[in-house]
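Visitor: For reference, this is coords_38.txt, and it has compact mmCIF, C-alpha atoms.
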# COMPACT_ATOMS: atom_id res chain seq x y z
CA MET A 1 56.11 111.55 156.99
CA ARG A 2 59.49 112.91 158.01
CA ILE A 3 61.23 115.02 155.38
CA THR A 4 64.88 114.14 154.77
CA GLU A 5 67.57 114.94 152.23
CA GLY A 6 66.67 111.73 150.42
CA ASN A 7 62.97 112.44 149.98
CA VAL A 8 62.74 116.23 149.88
CA VAL A 9 62.58 116.37 146.06
CA ASN A 10 59.80 113.78 145.85
CA GLN A 11 57.86 115.56 148.58
CA LEU A 12 58.24 118.89 146.80
CA ARG A 13 56.93 117.26 143.63
CA LYS A 14 53.95 115.96 145.64
CA ARG A 15 53.39 119.57 146.83
CA ASN A 16 54.07 118.76 150.48
CA GLU A 17 54.52 122.15 152.20
CA ARG A 18 56.62 120.55 154.93
CA ALA A 19 59.23 119.83 152.25
CA LEU A 20 59.43 123.56 151.53
CA TYR A 21 59.92 124.22 155.26
CA TYR A 22 62.71 121.65 155.19
CA VAL A 23 64.34 123.54 152.30
CA ILE A 24 64.09 126.77 154.28
CA ASP A 25 65.60 125.16 157.38
CA GLU A 26 68.42 123.39 155.56
CA TYR A 27 69.33 125.78 152.76
CA SER A 28 68.34 129.28 153.86
CA GLY A 29 71.94 130.07 154.81
CA LEU A 30 73.17 129.07 151.35
CA ILE A 31 70.40 131.03 149.64
CA LYS A 32 71.00 134.13 151.78
CA SER A 33 74.73 134.07 151.05
CA ILE A 34 74.05 133.88 147.31
CA ILE A 35 71.60 136.76 147.60
CA ARG A 36 74.10 138.85 149.58
CA LYS A 37 76.80 138.17 147.00
CA HIS A 38 74.72 139.20 144.00
CA LEU A 39 72.62 141.94 145.61
CA TYR A 40 75.34 143.67 147.58
CA GLY A 41 74.29 147.26 148.10
CA ILE A 42 70.59 146.57 147.44
CA GLU A 43 69.71 145.21 150.89
CA ASP A 44 66.06 146.26 150.86
CA VAL A 45 65.09 143.57 148.31
CA HIS A 46 66.79 140.56 149.95
CA GLU A 47 63.59 139.24 151.55
CA GLU A 48 61.60 139.67 148.34
CA CYS A 49 64.31 137.86 146.39
CA MET A 50 64.36 135.03 148.96
CA ASP A 51 60.58 134.64 148.58
CA ASP A 52 60.89 134.54 144.79
CA ILE A 53 63.63 131.91 144.98
CA LEU A 54 61.51 129.68 147.21
CA LEU A 55 58.54 130.18 144.90
CA ALA A 56 60.69 129.28 141.88
CA ILE A 57 61.88 126.11 143.62
CA TRP A 58 58.28 125.21 144.46
CA ASN A 59 56.96 125.94 140.95
CA HIS A 60 59.86 124.46 138.97
CA ILE A 61 60.81 121.38 140.97
CA ASP A 62 59.71 119.24 138.02
CA LYS A 63 62.61 120.69 136.02
CA PHE A 64 65.13 119.29 138.50
CA CYS A 65 66.92 116.21 137.14
CA GLU A 66 68.72 113.98 139.66
CA GLU A 67 70.99 112.50 136.97
CA ARG A 68 72.46 115.87 135.98
CA ASN A 69 72.93 117.57 139.33
CA SER A 70 72.49 117.40 143.07
CA PHE A 71 69.50 119.16 144.61
CA LYS A 72 71.79 121.53 146.52
CA ASN A 73 73.59 122.61 143.32
CA TRP A 74 70.31 123.02 141.45
CA LEU A 75 68.88 125.09 144.29
CA ALA A 76 72.03 127.26 144.34
CA ALA A 77 71.75 127.82 140.58
CA VAL A 78 68.09 128.85 140.91
CA ALA A 79 69.07 131.26 143.70
CA LYS A 80 71.98 132.69 141.71
CA TYR A 81 69.99 133.38 138.56
CA LYS A 82 67.03 134.80 140.47
CA ALA A 83 69.40 137.14 142.36
CA ILE A 84 71.03 138.18 139.07
CA ASP A 85 67.55 138.95 137.69
CA TYR A 86 66.92 141.15 140.72
CA ARG A 87 70.28 142.91 140.23
CA ARG A 88 69.37 143.66 136.61
CA LYS A 89 65.89 144.82 137.56
CA TYR A 90 67.02 147.19 140.29
CA CYS A 91 70.06 148.52 138.43
CA ARG A 92 67.81 149.67 135.60
CA LEU A 93 65.49 151.64 137.87
CA PRO A 94 66.50 155.27 138.34
CA GLU A 95 67.58 155.99 141.87
CA GLN A 96 65.63 158.46 143.95
CA HIS A 97 67.91 161.28 145.10
CA ASP A 98 67.39 164.05 147.57
CA VAL A 99 67.17 167.56 146.18
CA GLU A 100 70.24 168.42 148.24
CA MET A 101 72.41 165.88 146.42
CA VAL A 102 74.41 167.43 143.61
CA TYR A 103 76.26 165.58 140.87
CA ILE A 104 79.89 166.63 140.76
CA GLU A 105 82.11 165.62 137.84
CA SER A 106 85.23 164.01 139.17
CA PRO A 107 88.36 162.71 137.43
CA MET A 108 87.24 159.18 138.35
CA ASN A 109 84.11 159.61 136.22
CA VAL A 110 86.23 160.70 133.27
CA GLU A 111 88.56 157.72 133.79
CA ASN A 112 85.57 155.38 133.96
CA ALA A 113 84.23 156.80 130.71
CA VAL A 114 87.60 156.29 129.01
CA MET A 115 87.78 152.72 130.35
CA ASP A 116 84.21 152.03 129.18
CA ARG A 117 85.05 153.31 125.69
CA ALA A 118 88.22 151.19 125.57
CA MET A 119 86.32 148.11 126.71
CA ARG A 120 83.60 148.77 124.11
CA ASN A 121 86.24 149.05 121.38
CA GLU A 122 87.89 145.83 122.52
CA LEU A 123 84.52 144.08 122.55
CA GLU A 124 83.77 145.30 119.04
CA LYS A 125 87.15 144.00 117.82
CA MET A 126 86.40 140.59 119.33
CA LEU A 127 82.90 140.46 117.88
CA ASP A 128 84.25 141.40 114.43
CA ASN A 129 85.71 137.87 114.33
CA LEU A 130 82.17 136.47 114.13
CA LYS A 131 79.82 136.36 111.17
CA GLN A 132 77.51 139.38 111.03
CA GLU A 133 74.48 137.30 112.04
CA ASP A 134 76.31 135.85 115.06
CA LYS A 135 77.60 139.28 116.02
CA GLU A 136 74.01 140.60 116.02
CA LEU A 137 72.92 137.62 118.16
CA PHE A 138 75.67 138.33 120.71
CA ILE A 139 74.73 141.99 120.90
CA LYS A 140 71.02 141.26 121.30
CA HIS A 141 71.50 138.53 123.90
CA TYR A 142 74.52 139.60 125.93
CA ILE A 143 74.48 143.39 125.63
CA GLU A 144 70.81 144.25 125.14
CA GLU A 145 69.88 141.29 127.40
CA GLN A 146 67.10 139.96 125.17
CA SER A 147 66.02 136.43 125.95
CA VAL A 148 66.78 133.62 123.54
CA ASP A 149 63.05 132.92 123.13
CA ILE A 150 62.35 136.49 121.99
CA ILE A 151 65.28 136.46 119.56
CA ALA A 152 64.13 133.11 118.17
CA ARG A 153 60.59 134.41 117.70
CA GLU A 154 61.86 137.53 115.91
CA ARG A 155 63.91 135.40 113.52
CA GLY A 156 61.29 132.69 113.08
CA VAL A 157 63.51 129.85 114.30
CA LYS A 158 63.57 127.50 117.27
CA SER A 159 65.31 128.54 120.48
CA SER A 160 67.71 125.64 120.08
CA VAL A 161 69.05 127.20 116.87
CA ILE A 162 69.87 130.41 118.74
CA TYR A 163 71.45 128.50 121.64
CA ASN A 164 73.61 126.57 119.15
CA ARG A 165 74.76 129.72 117.33
CA LEU A 166 75.62 131.41 120.64
CA SER A 167 77.50 128.33 121.78
CA ARG A 168 79.52 128.11 118.58
CA GLY A 169 80.26 131.83 118.74
CA ARG A 170 81.48 131.57 122.35
CA LYS A 171 83.68 128.63 121.36
CA LYS A 172 85.16 130.61 118.46
CA LEU A 173 85.83 133.64 120.68
CA ARG A 174 87.45 131.41 123.31
CA SER A 175 89.78 129.93 120.73
CA ILE A 176 90.70 133.40 119.44
CA ILE A 177 91.42 134.60 122.98
CA ASN A 178 93.55 131.52 123.68
CA LEU A 179 95.51 132.01 120.46
CA SER A 180 96.16 135.67 121.22
CA THR A 181 97.48 134.85 124.71
CA ILE A 182 99.76 132.17 123.26
CA PHE A 183 101.26 134.60 120.70
CA LYS A 184 101.81 137.32 123.31
CA ARG A 185 104.15 135.10 125.32
Translate this file's structure into structure tokens.
Guide:
Amino acid sequence: MRITEGNVVNQLRKRNERALYYVIDEYSGLIKSIIRKHLYGIEDVHEECMDDILLAIWNHIDKFCEERNSFKNWLAAVAKYKAIDYRRKYCRLPEQHDVEMVYIESPMNVENAVMDRAMRNELEKMLDNLKQEDKELFIKHYIEEQSVDIIARERGVKSSVIYNRLSRGRKKLRSIINLSTIFKR
């Protein structure tokens, strides 16, 4: 059977390897550009990330819903989030430095520290507009990067409850930001 744009999803669901080759042929450029965008400066993991993206597409094709999205957009989203996972993973690892490299304090580092502190203060002011429980959720999920499932397990609630609280909190923060920009004009 010839794999086409119209039947690639069904063939992937039937575990036809030729459908995966079709995905590679048709979408590798898109996937590589997403990887380059999100993993700029970490070139040595591009191939590994590409393999993981293809594996994720193969393993999670049943989660694709034709009514909600096109296959190309779904594939791009899988690639984006997998690349972001790689960015997080490799940014956390300590870099290996040569013995000859010496850390020199520069004014730019001081400026960056001041900017970081100012941004942290601004973030705290914004989060103070939320209830204490929602503020803790935001910190755990967005700053400490804990998954919603882990947070839900810790609190003994369903993941959907956490998703709803995060969504309402984002909506509240958006409205506060919009109001502050209106009053500044």
Visitor: Nearest to Asp52 in chain A: which of A:Lys131, A:Arg2, A:Lys80, A:Arg153 is it, counting all atoms listed in the file?
Guide: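 Of A:Lys131, A:Arg2, A:Lys80, A:Arg153, the one nearest Asp52 in chain A, counting all atoms listed in the file, is A:Lys80.
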Visitor: May I ask which of the residues A:Leu39, A:Leu137, A:Leu30, A:Val114 is the closest one to Cys91 in chain A, counting all atoms listed in the file?
Guide: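 Nearest to Cys91 in chain A: A:Leu39.
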Visitor: Go through A:Ser33, A:Thr4, A:Gln146, A:Asn178 one by one, measure the shortest atom-to-atom distance of each to Arg18 in chain A using only C-alpha atoms, and give the residue with the smallest value.
Guide: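 For Arg18 in chain A, the nearest of the candidates is A:Thr4.
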Visitor: What does the distance from CA of Ala152 in chain A to CA of Asn164 in chain A come to in Å, to one decimal?
Guide: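 Separating CA of Ala152 in chain A from CA of Asn164 in chain A is a distance of 11.6 Å.
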Visitor: Skipping near chain neighbours, those fewer than 2 positions away, what residues fall within 12 Å of His141 in chain A using all atoms listed in the file, listed as number ranges by chain?
Guide: A: 134-139, 143-152, 162-163, 165-166
Visitor: Figure out the distance between CA of Met50 in chain A and CA of Ala83 in chain A, please, to one decimal in Å.
Guide: 8.6 Å
